[in-house]
Structure formats: C-alpha cells, structure tokens
file work.tsv (TSV, C-alpha atoms and all ligand atoms)
chain	number	residue	atom	x	y	z
K	1	MET	CA	74.09	110.05	108.61
K	2	LYS	CA	77.34	111.20	110.23
K	3	GLU	CA	79.48	113.15	107.78
K	4	LYS	CA	83.17	112.40	107.44
K	5	THR	CA	85.39	114.92	109.12
K	6	LYS	CA	88.86	113.46	108.66
K	7	THR	CA	90.81	111.18	106.38
K	8	LYS	CA	92.97	108.83	108.39
K	9	PRO	CA	94.69	105.93	106.60
K	10	ILE	CA	93.96	102.45	107.93
K	11	LEU	CA	95.71	100.43	105.22
K	12	GLN	CA	98.62	101.40	103.02
K	13	ALA	CA	100.50	99.51	100.33
K	14	GLN	CA	103.82	100.61	98.92
K	15	GLU	CA	105.76	99.36	95.89
K	16	LEU	CA	103.68	96.24	95.97
K	17	SER	CA	103.96	93.43	93.40
K	18	ILE	CA	101.19	90.84	93.43
K	19	GLY	CA	100.76	87.48	91.75
K	20	TYR	CA	101.84	83.88	91.91
K	21	SER	CA	105.14	82.00	91.74
K	22	ASP	CA	104.76	81.65	87.97
K	23	LYS	CA	103.01	84.94	87.21
K	24	ILE	CA	103.22	88.63	88.15
K	25	VAL	CA	99.64	89.98	88.05
K	26	ALA	CA	100.44	93.65	88.81
K	27	GLU	CA	103.38	95.62	90.11
K	28	ASP	CA	104.49	99.01	91.41
K	29	ILE	CA	101.24	99.37	93.38
K	30	SER	CA	100.71	102.18	95.87
K	31	LEU	CA	97.38	102.36	97.67
K	32	LYS	CA	95.85	104.10	100.64
K	33	ILE	CA	92.54	103.08	102.24
K	34	ASN	CA	91.23	105.69	104.64
K	35	GLU	CA	88.95	105.16	107.63
K	36	ALA	CA	85.22	105.26	106.90
K	37	GLU	CA	85.62	104.97	103.14
K	38	LEU	CA	83.77	102.79	100.65
K	39	VAL	CA	86.21	101.62	97.99
K	40	ALA	CA	85.46	99.59	94.85
K	41	VAL	CA	88.04	97.47	93.04
K	42	ILE	CA	87.16	97.28	89.34
K	43	GLY	CA	88.72	95.72	86.24
K	44	ILE	CA	87.92	93.24	83.50
K	45	ASN	CA	87.78	89.46	84.08
K	46	GLY	CA	91.16	88.06	85.02
K	47	SER	CA	92.75	91.49	85.57
K	48	GLY	CA	93.71	90.73	89.19
K	49	LYS	CA	90.97	92.03	91.50
K	50	SER	CA	90.75	88.84	93.58
K	51	THR	CA	94.54	88.54	93.65
K	52	LEU	CA	94.77	92.09	95.00
K	53	LEU	CA	92.12	91.45	97.68
K	54	LYS	CA	93.77	88.18	98.73
K	55	THR	CA	97.11	89.96	99.05
K	56	LEU	CA	95.78	92.97	100.97
K	57	THR	CA	94.03	90.64	103.45
K	58	GLY	CA	97.15	88.57	104.10
K	59	ASN	CA	95.77	85.44	102.40
K	60	LEU	CA	98.37	85.56	99.63
K	61	LYS	CA	101.97	86.60	100.12
K	62	CYS	CA	102.98	89.63	98.07
K	63	LEU	CA	105.87	89.12	95.63
K	64	SER	CA	107.53	92.29	96.95
K	65	GLY	CA	106.71	95.57	98.68
K	66	THR	CA	104.91	96.32	101.95
K	67	ILE	CA	101.37	96.38	103.30
K	68	SER	CA	100.67	98.07	106.60
K	69	ILE	CA	97.47	98.15	108.63
K	70	GLN	CA	97.15	100.84	111.29
K	71	GLN	CA	100.82	101.63	110.58
K	72	LYS	CA	101.95	98.07	111.35
K	73	ASN	CA	103.48	95.75	108.74
K	74	ILE	CA	100.96	92.99	107.96
K	75	ASN	CA	103.70	90.33	108.36
K	76	GLU	CA	104.09	91.36	112.00
K	77	ILE	CA	100.38	91.06	112.82
K	78	SER	CA	99.28	87.74	114.37
K	79	VAL	CA	96.49	85.71	112.76
K	80	GLN	CA	94.30	86.35	115.84
K	81	LYS	CA	94.87	90.12	115.69
K	82	LEU	CA	94.32	90.15	111.92
K	83	SER	CA	90.89	88.53	112.42
K	84	GLU	CA	90.00	91.44	114.73
K	85	LEU	CA	91.10	93.94	112.04
K	86	ILE	CA	89.84	92.38	108.80
K	87	SER	CA	86.74	90.44	107.86
K	88	ILE	CA	86.49	88.85	104.46
K	89	VAL	CA	83.54	87.78	102.35
K	90	LEU	CA	84.62	85.63	99.43
K	91	THR	CA	82.50	84.49	96.50
K	92	GLU	CA	82.85	80.77	97.00
K	93	THR	CA	82.75	80.49	100.75
K	94	GLN	CA	82.38	76.95	102.01
K	95	PHE	CA	79.50	76.63	104.42
K	96	SER	CA	77.41	73.93	105.96
K	97	GLN	CA	74.02	73.52	104.31
K	98	ASN	CA	72.64	72.48	107.70
K	99	LEU	CA	73.88	75.51	109.61
K	100	LEU	CA	71.12	77.92	110.70
K	101	VAL	CA	71.44	81.50	109.44
K	102	GLU	CA	72.05	82.78	112.97
K	103	GLU	CA	74.74	80.13	113.51
K	104	LEU	CA	76.59	81.14	110.37
K	105	VAL	CA	76.42	84.83	111.33
K	106	ALA	CA	77.65	83.90	114.84
K	107	LEU	CA	80.81	82.44	113.25
K	108	GLY	CA	81.80	86.08	112.75
K	109	ARG	CA	82.18	86.30	116.53
K	110	GLN	CA	84.90	83.61	116.60
K	111	PRO	CA	87.76	86.06	117.24
K	112	TYR	CA	86.04	87.09	120.49
K	113	THR	CA	84.56	83.85	121.88
K	114	ASN	CA	86.36	81.57	124.34
K	115	TRP	CA	87.88	78.21	123.35
K	116	LEU	CA	84.48	76.54	123.74
K	117	GLY	CA	83.01	79.02	121.27
K	118	GLN	CA	80.38	80.13	123.81
K	119	LEU	CA	78.57	83.32	122.87
K	120	SER	CA	78.40	86.12	125.44
K	121	ASN	CA	75.49	88.59	125.55
K	122	LYS	CA	77.70	90.99	123.57
K	123	ASP	CA	78.19	88.33	120.86
K	124	ILE	CA	74.45	87.56	120.72
K	125	ASN	CA	73.66	91.28	120.39
K	126	ALA	CA	76.24	91.71	117.61
K	127	VAL	CA	74.63	88.82	115.68
K	128	LYS	CA	71.15	90.27	116.23
K	129	GLN	CA	72.22	93.72	115.04
K	130	ALA	CA	73.88	92.33	111.91
K	131	LEU	CA	70.73	90.33	111.05
K	132	GLN	CA	68.63	93.48	111.57
K	133	LEU	CA	70.92	95.65	109.42
K	134	LEU	CA	70.61	93.24	106.51
K	135	GLU	CA	66.85	92.86	107.15
K	136	ILE	CA	67.10	89.07	107.49
K	137	GLU	CA	66.00	88.59	111.15
K	138	ASP	CA	63.00	86.62	109.87
K	139	LYS	CA	65.41	84.09	108.31
K	140	SER	CA	67.51	83.55	111.44
K	141	LYS	CA	66.17	80.02	112.07
K	142	ARG	CA	66.30	78.94	108.42
K	143	LYS	CA	68.94	76.46	107.24
K	144	CYS	CA	71.52	78.09	104.97
K	145	GLY	CA	70.97	75.34	102.41
K	146	SER	CA	67.36	76.49	101.97
K	147	LEU	CA	68.20	80.08	100.99
K	148	SER	CA	68.47	81.64	97.54
K	149	ASP	CA	71.94	82.77	96.39
K	150	GLY	CA	70.98	86.40	97.02
K	151	GLN	CA	69.69	85.69	100.52
K	152	LEU	CA	72.85	83.72	101.26
K	153	GLN	CA	74.98	86.61	100.09
K	154	LYS	CA	73.27	88.81	102.69
K	155	VAL	CA	73.97	86.18	105.38
K	156	PHE	CA	77.71	86.21	104.59
K	157	LEU	CA	77.65	89.98	104.72
K	158	ALA	CA	75.91	89.82	108.12
K	159	ARG	CA	78.67	87.48	109.35
K	160	ALA	CA	81.33	90.03	108.32
K	161	ILE	CA	79.40	92.83	110.05
K	162	ALA	CA	79.05	90.72	113.23
K	163	GLN	CA	82.85	90.33	113.23
K	164	GLU	CA	83.04	94.07	114.04
K	165	THR	CA	86.35	94.77	112.31
K	166	PRO	CA	87.47	98.22	111.13
K	167	LEU	CA	88.16	96.79	107.65
K	168	ILE	CA	85.82	94.65	105.56
K	169	PHE	CA	86.85	93.12	102.23
K	170	LEU	CA	84.27	91.60	99.89
K	171	ASP	CA	84.79	89.80	96.61
K	172	GLU	CA	81.85	90.60	94.32
K	173	PRO	CA	79.21	90.97	97.08
K	174	THR	CA	76.32	91.73	94.71
K	175	THR	CA	76.79	89.00	92.09
K	176	HIS	CA	73.57	87.10	92.76
K	177	LEU	CA	71.42	90.10	93.62
K	178	ASP	CA	68.79	91.78	91.46
K	179	LEU	CA	69.25	95.49	90.67
K	180	TYR	CA	67.20	96.64	93.67
K	181	HIS	CA	69.12	94.44	96.10
K	182	LYS	CA	72.49	95.35	94.51
K	183	ILE	CA	71.71	98.99	95.31
K	184	PHE	CA	70.33	98.02	98.74
K	185	VAL	CA	73.56	96.24	99.68
K	186	LEU	CA	75.91	98.90	98.27
K	187	LYS	CA	73.98	101.74	99.96
K	188	LEU	CA	74.03	99.73	103.17
K	189	LEU	CA	77.82	99.36	102.89
K	190	LYS	CA	78.10	103.10	102.38
K	191	THR	CA	75.88	103.88	105.38
K	192	LEU	CA	77.81	101.37	107.46
K	193	SER	CA	81.16	102.93	106.53
K	194	ARG	CA	79.87	106.35	107.55
K	195	ARG	CA	78.05	105.36	110.74
K	196	THR	CA	80.69	103.03	112.12
K	197	ASN	CA	83.90	104.44	110.59
K	198	LYS	CA	84.52	101.09	108.87
K	199	SER	CA	86.55	100.95	105.67
K	200	ILE	CA	84.89	98.68	103.16
K	201	VAL	CA	86.68	97.46	100.05
K	202	PHE	CA	84.84	95.35	97.48
K	203	ALA	CA	85.64	93.90	94.07
K	204	THR	CA	82.83	94.47	91.61
K	205	HIS	CA	81.77	94.47	87.98
K	206	GLU	CA	79.08	97.06	88.80
K	207	ILE	CA	81.14	100.01	87.57
K	208	ASN	CA	78.17	102.35	87.11
K	209	LEU	CA	76.99	101.80	90.68
K	210	ALA	CA	80.53	102.04	92.06
K	211	LEU	CA	81.02	105.42	90.34
K	212	GLN	CA	77.84	106.72	91.98
K	213	LEU	CA	78.35	105.35	95.48
K	214	CYS	CA	82.05	104.96	96.29
K	215	ASP	CA	84.56	107.36	97.79
K	216	GLN	CA	87.49	105.80	95.95
K	217	ILE	CA	87.91	103.45	93.01
K	218	ILE	CA	90.86	101.11	92.52
K	219	LEU	CA	91.23	100.14	88.86
K	220	VAL	CA	93.20	97.00	88.02
K	221	SER	CA	94.13	96.92	84.36
K	222	ASN	CA	97.02	95.61	82.25
K	223	GLY	CA	99.28	94.85	85.22
K	224	LYS	CA	98.76	98.30	86.75
K	225	VAL	CA	96.68	99.46	89.71
K	226	THR	CA	95.35	103.01	89.81
K	227	GLN	CA	93.47	104.59	92.72
K	228	LYS	CA	91.25	107.60	92.05
K	229	THR	CA	88.04	109.26	93.19
K	230	PRO	CA	85.05	108.51	90.90
K	231	GLU	CA	85.23	112.08	89.57
K	232	GLU	CA	88.95	111.80	88.76
K	233	LEU	CA	88.37	108.46	87.06
K	234	ILE	CA	85.51	109.82	84.94
K	235	ASN	CA	87.67	112.75	83.90
K	236	SER	CA	90.61	110.52	82.97
K	237	ASN	CA	90.34	108.37	79.84
K	238	LEU	CA	90.96	105.14	81.75
K	239	LEU	CA	87.33	103.98	81.59
K	240	GLN	CA	87.19	104.65	77.84
K	241	GLU	CA	90.16	102.30	77.47
K	242	LEU	CA	88.87	99.58	79.79
K	243	PHE	CA	87.04	97.41	77.26
K	244	PRO	CA	87.71	96.72	73.56
K	245	LYS	CA	85.83	99.40	71.61
K	246	ASP	CA	83.80	97.10	69.38
K	247	LEU	CA	80.88	96.53	71.79
K	248	VAL	CA	80.81	99.06	74.61
K	249	GLU	CA	81.89	102.63	75.26
K	250	PHE	CA	82.11	104.84	78.35
K	251	ASP	CA	80.22	108.09	78.00
K	252	ALA	CA	81.72	110.65	80.39
K	253	ALA	CA	78.71	113.00	79.95
K	254	THR	CA	76.21	110.47	81.35
K	255	LYS	CA	78.85	108.70	83.52
K	256	ASN	CA	77.64	105.43	82.02
K	257	PHE	CA	78.77	102.64	79.76
K	258	LYS	CA	76.65	102.30	76.63
K	259	VAL	CA	76.21	99.49	74.13
K	260	LEU	CA	77.48	100.31	70.64
B	1	LIG	N1	96.35	80.32	92.04
B	1	LIG	C1	96.73	80.91	90.91
B	1	LIG	N2	97.93	80.59	90.34
B	1	LIG	C2	98.34	81.18	89.18
B	1	LIG	N3	97.63	82.14	88.55
B	1	LIG	C3	96.45	82.51	89.07
B	1	LIG	C4	95.94	81.92	90.27
B	1	LIG	N4	94.73	82.50	90.56
B	1	LIG	C5	94.51	83.40	89.57
B	1	LIG	N5	95.53	83.40	88.67
B	1	LIG	C6	95.67	84.25	87.48
B	1	LIG	O1	95.89	85.59	87.92
B	1	LIG	C7	95.22	86.52	87.05
B	1	LIG	C8	94.28	87.40	87.88
B	1	LIG	O2	93.21	86.57	88.38
B	1	LIG	P1	92.13	87.13	89.41
B	1	LIG	O3	91.29	85.98	89.83
B	1	LIG	O4	92.81	87.92	90.44
B	1	LIG	O5	91.30	88.11	88.45
B	1	LIG	P2	89.91	88.86	88.71
B	1	LIG	O6	90.10	90.28	88.24
B	1	LIG	O7	89.47	88.66	90.10
B	1	LIG	O8	88.97	88.08	87.69
B	1	LIG	P3	87.37	87.91	87.62
B	1	LIG	O9	86.76	89.25	87.34
B	1	LIG	O10	87.21	87.00	86.44
B	1	LIG	O11	86.91	87.29	88.91
B	1	LIG	C9	94.49	85.67	86.00
B	1	LIG	O12	95.32	85.64	84.84
B	1	LIG	C10	94.40	84.30	86.63
B	1	LIG	O13	94.40	83.29	85.65

call {"tool": "encode", "arguments": {"input": "work.tsv", "output": "structure tokens", "more": "lines below"}}
Ligand SMILES: Nc1ncnc2c1ncn2[C@@H]1O[C@H](COP(=O)(O)OP(=O)(O)OP(=O)(O)O)[C@@H](O)[C@H]1O
result
Amino acid sequence: MKEKTKTKPILQAQELSIGYSDKIVAEDISLKINEAELVAVIGINGSGKSTLLKTLTGNLKCLSGTISIQQKNINEISVQKLSELISIVLTETQFSQNLLVEELVALGRQPYTNWLGQLSNKDINAVKQALQLLEIEDKSKRKCGSLSDGQLQKVFLARAIAQETPLIFLDEPTTHLDLYHKIFVLKLLKTLSRRTNKSIVFATHEINLALQLCDQIILVSNGKVTQKTPEELINSNLLQELFPKDLVEFDAATKNFKVL
C-alpha cells in the first residue's frame, strides 16, 4: 500500500451554516478534506449528517458560508464538472429492479460517455475493475432486484468507484452489511483512498470502526460540527458526551462504547 506523503486539501468549507428554510441544523462550520483521506461523519440520529453530506456535494444549498473544491467555489462549478469531481452513494437510491448489475455500475460512467451513452473500452474497463474491487464480478449478469441489500450496497459502491472521481461521498454505506462485510467495505475504502489518492467521506453509525480505520472524524452534535483525528477525538470528552449516560458510555482506555 502506498503511504501518504502529503496533505493537500481537496474540499474546504468556511463559516458554513447548513439546514432548511425553516431550520438551521448546524452553523459556524469549518472543514478541510485532504486528498487520499478516509473521513467518517458521525453523530446521533437526526443530528445532521445527511444534511451536511447533501450540502457538501452541492445537492442542498448552504444557508451561508462557502464550500470550495480544488480551490474553486462550488457555486461556480458546472453540474457536468461536479459529476467528474464527486460521486455520491445515498441510502435510498432509486434503481431499476430489472437493471443488470453491470448496467447499474456502468451508470457511473455517464459523465464520460457520449450523448448516446455508448461505452468506450475505457468505460468497460472501469466497470470491470470496480466489479473486481468489490469482488462481485460473478454477479455482473444478475438483475439488481434479485440481490440482497448487502450485495446491492456493494453494487452502488462499485458504481461510485467506476465514476472515477477524486471525491466520493457515501451515506451509511455499511448499513445492511454483517460485521465481516462492514469491515471489508471500510478497509476497501481505506485501501482505495491510499492507492488512488481519492478522498472518501462517509456518514456512519459505526463509531468504533471509524475510530480504528479513518484518518479524520467529523462529529455533528448539537448544532456544531467538529473535525478531529480519531486520537484527538478519543482524548477529548466529546464521545463521552455523545449519548445520554443512562445506557451507554465511551471508554477511552479500550476506545470502545460499552453498555451500562
Ligand atoms: N427536507 C427537510 N426539511 C426540513 N428539515 C429536515 C429535512 N430533512 C431533514 N430535516 C431535519 O434536519 C435534521 C437533521 O437531519 P439529517 O437527516 O441530516 O440527520 P442525520 O444525522 O443524517 O440522521 P440519521 O442518523 O437519523 O440518518 C433533523 O432534525 C431532520 O428532521
């Protein structure tokens, strides 16, 4: 695995407020996503993880502040260019039950295909590689509607990888996976970020795994967003304060949450 040699920012947010016309979800946000980093966004249900991801990917307008990607304000980047910079895997992605796995993954190539959507050899290779990386080549001819939720989650991830963007955002990519496959996918994301210099940002409830595997953690809590390394977060008392203390407690010594 190639080791990181530099930290170069690819996405920066300054004085950002996020939310909806009737609700501020979080404000005064400053963030920096570096090249080749794996970044987890954590926080309790309803804290604002999805809202943050939607805003950082240009799918939701920020209430105020600026977001820049490769030093360019996101508002000045065309939709076409944005699709070459960012790929997104959302939890409830609409998809056709009748689409073959390889067809769904090939949709990731849309930014590069001509108006007829014809795949070049480069597109076909990118699809093949993504299927191989996720170890789902054997499912390439299966209909998406016939897959388990976990298998489908891998297919969506393959589509994002086939899109070959420097930034990948995922909303809870391991939800339907068993423990082994959760670790498989997160380790794969880490390897991918290192090998290909991609920056991968994902919202997750798997705090224990995120602390072990990620370069940076973004914590969304009580209208505030804090970015720290796992070590810094463990040494702060932010994780101890994350959940009400009646049921669960963070133990800094074991770096784990434990049931009370
Ligand atoms: N379209 C919307 N309009 C108004 N408020 C919304 C909208 N979508 C979400 N919210 C509210 O914004 C807040 C943050 O929601 P968000 O979905 O970002 O949280 P989350 O951390 O992703 O939650 P979860 O872990 O449950 O998926 C919540 O109070 C939610 O009710």

call {"tool": "residues_around", "arguments": {"input": "work.tsv", "residues": "K:Val105", "least_positions_apart": "4", "cutoff": "10 Å", "atoms": "all atoms listed in the file", "output": "PyMOL selection string"}}
result
chain K and resi 99-101+109+124+126-128+130-131+140+155-163

call {"tool": "residues_near_ligand", "arguments": {"input": "work.tsv", "ligand": "ligand LIG 1 (chain B)", "cutoff": "8 Å", "atoms": "all atoms listed in the file", "output": "PDB file with C-alpha atoms, keeping the file's coordinate frame"}}
result
ATOM      1  CA  GLY K  19     100.760  87.480  91.750  1.00  0.00           C
ATOM      2  CA  TYR K  20     101.840  83.880  91.910  1.00  0.00           C
ATOM      3  CA  SER K  21     105.140  82.000  91.740  1.00  0.00           C
ATOM      4  CA  ASP K  22     104.760  81.650  87.970  1.00  0.00           C
ATOM      5  CA  LYS K  23     103.010  84.940  87.210  1.00  0.00           C
ATOM      6  CA  ILE K  24     103.220  88.630  88.150  1.00  0.00           C
ATOM      7  CA  VAL K  25      99.640  89.980  88.050  1.00  0.00           C
ATOM      8  CA  ILE K  42      87.160  97.280  89.340  1.00  0.00           C
ATOM      9  CA  GLY K  43      88.720  95.720  86.240  1.00  0.00           C
ATOM     10  CA  ILE K  44      87.920  93.240  83.500  1.00  0.00           C
ATOM     11  CA  ASN K  45      87.780  89.460  84.080  1.00  0.00           C
ATOM     12  CA  GLY K  46      91.160  88.060  85.020  1.00  0.00           C
ATOM     13  CA  SER K  47      92.750  91.490  85.570  1.00  0.00           C
ATOM     14  CA  GLY K  48      93.710  90.730  89.190  1.00  0.00           C
ATOM     15  CA  LYS K  49      90.970  92.030  91.500  1.00  0.00           C
ATOM     16  CA  SER K  50      90.750  88.840  93.580  1.00  0.00           C
ATOM     17  CA  THR K  51      94.540  88.540  93.650  1.00  0.00           C
ATOM     18  CA  LEU K  52      94.770  92.090  95.000  1.00  0.00           C
ATOM     19  CA  ALA K 203      85.640  93.900  94.070  1.00  0.00           C
ATOM     20  CA  THR K 204      82.830  94.470  91.610  1.00  0.00           C
ATOM     21  CA  HIS K 205      81.770  94.470  87.980  1.00  0.00           C
ATOM     22  CA  VAL K 220      93.200  97.000  88.020  1.00  0.00           C
TER      23      VAL K 220
END

call {"tool": "residues_around", "arguments": {"input": "work.tsv", "residues": "K:Lys182", "least_positions_apart": "6", "cutoff": "9 Å", "atoms": "all atoms listed in the file", "output": "PyMOL selection string"}}
result
chain K and resi 173-176+206+209

call {"tool": "residues_around", "arguments": {"input": "work.tsv", "residues": "K:Thr57", "least_positions_apart": "2", "cutoff": "10 Å", "atoms": "all atoms listed in the file", "output": "PDB file with C-alpha atoms, keeping the file's coordinate frame"}}
result
ATOM      1  CA  LEU K  52      94.770  92.090  95.000  1.00  0.00           C
ATOM      2  CA  LEU K  53      92.120  91.450  97.680  1.00  0.00           C
ATOM      3  CA  LYS K  54      93.770  88.180  98.730  1.00  0.00           C
ATOM      4  CA  THR K  55      97.110  89.960  99.050  1.00  0.00           C
ATOM      5  CA  ASN K  59      95.770  85.440 102.400  1.00  0.00           C
ATOM      6  CA  LEU K  60      98.370  85.560  99.630  1.00  0.00           C
ATOM      7  CA  LYS K  61     101.970  86.600 100.120  1.00  0.00           C
ATOM      8  CA  ILE K  67     101.370  96.380 103.300  1.00  0.00           C
ATOM      9  CA  ILE K  69      97.470  98.150 108.630  1.00  0.00           C
ATOM     10  CA  ILE K  74     100.960  92.990 107.960  1.00  0.00           C
ATOM     11  CA  LEU K  82      94.320  90.150 111.920  1.00  0.00           C
ATOM     12  CA  SER K  83      90.890  88.530 112.420  1.00  0.00           C
ATOM     13  CA  LEU K  85      91.100  93.940 112.040  1.00  0.00           C
ATOM     14  CA  ILE K  86      89.840  92.380 108.800  1.00  0.00           C
ATOM     15  CA  SER K  87      86.740  90.440 107.860  1.00  0.00           C
ATOM     16  CA  ILE K  88      86.490  88.850 104.460  1.00  0.00           C
ATOM     17  CA  LEU K 167      88.160  96.790 107.650  1.00  0.00           C
ATOM     18  CA  ILE K 168      85.820  94.650 105.560  1.00  0.00           C
ATOM     19  CA  PHE K 169      86.850  93.120 102.230  1.00  0.00           C
TER      20      PHE K 169
END

call {"tool": "atom_distance", "arguments": {"input": "work.tsv", "atom1": "atom CA of K:Glu231", "atom2": "atom CA of K:Pro166"}}
result
25.7 Å

call {"tool": "closest_residue", "arguments": {"input": "work.tsv", "among": "K:Gln151, K:Asn75, K:Gln227, K:Ser146", "to": "K:Lys32", "atoms": "all atoms listed in the file"}}
result
K:Gln227

call {"tool": "atom_distance", "arguments": {"input": "work.tsv", "atom1": "atom CA of K:Ala252", "atom2": "atom CA of K:Asn208"}}
result
11.3 Å

call {"tool": "closest_residue", "arguments": {"input": "work.tsv", "among": "K:Glu164, K:Leu170, K:Ile136, K:Ser193", "to": "K:Tyr112", "atoms": "all atoms listed in the file"}}
result
K:Glu164

call {"tool": "atom_distance", "arguments": {"input": "work.tsv", "atom1": "atom CA of K:Leu189", "atom2": "atom CA of K:Leu38"}}
result
7.2 Å
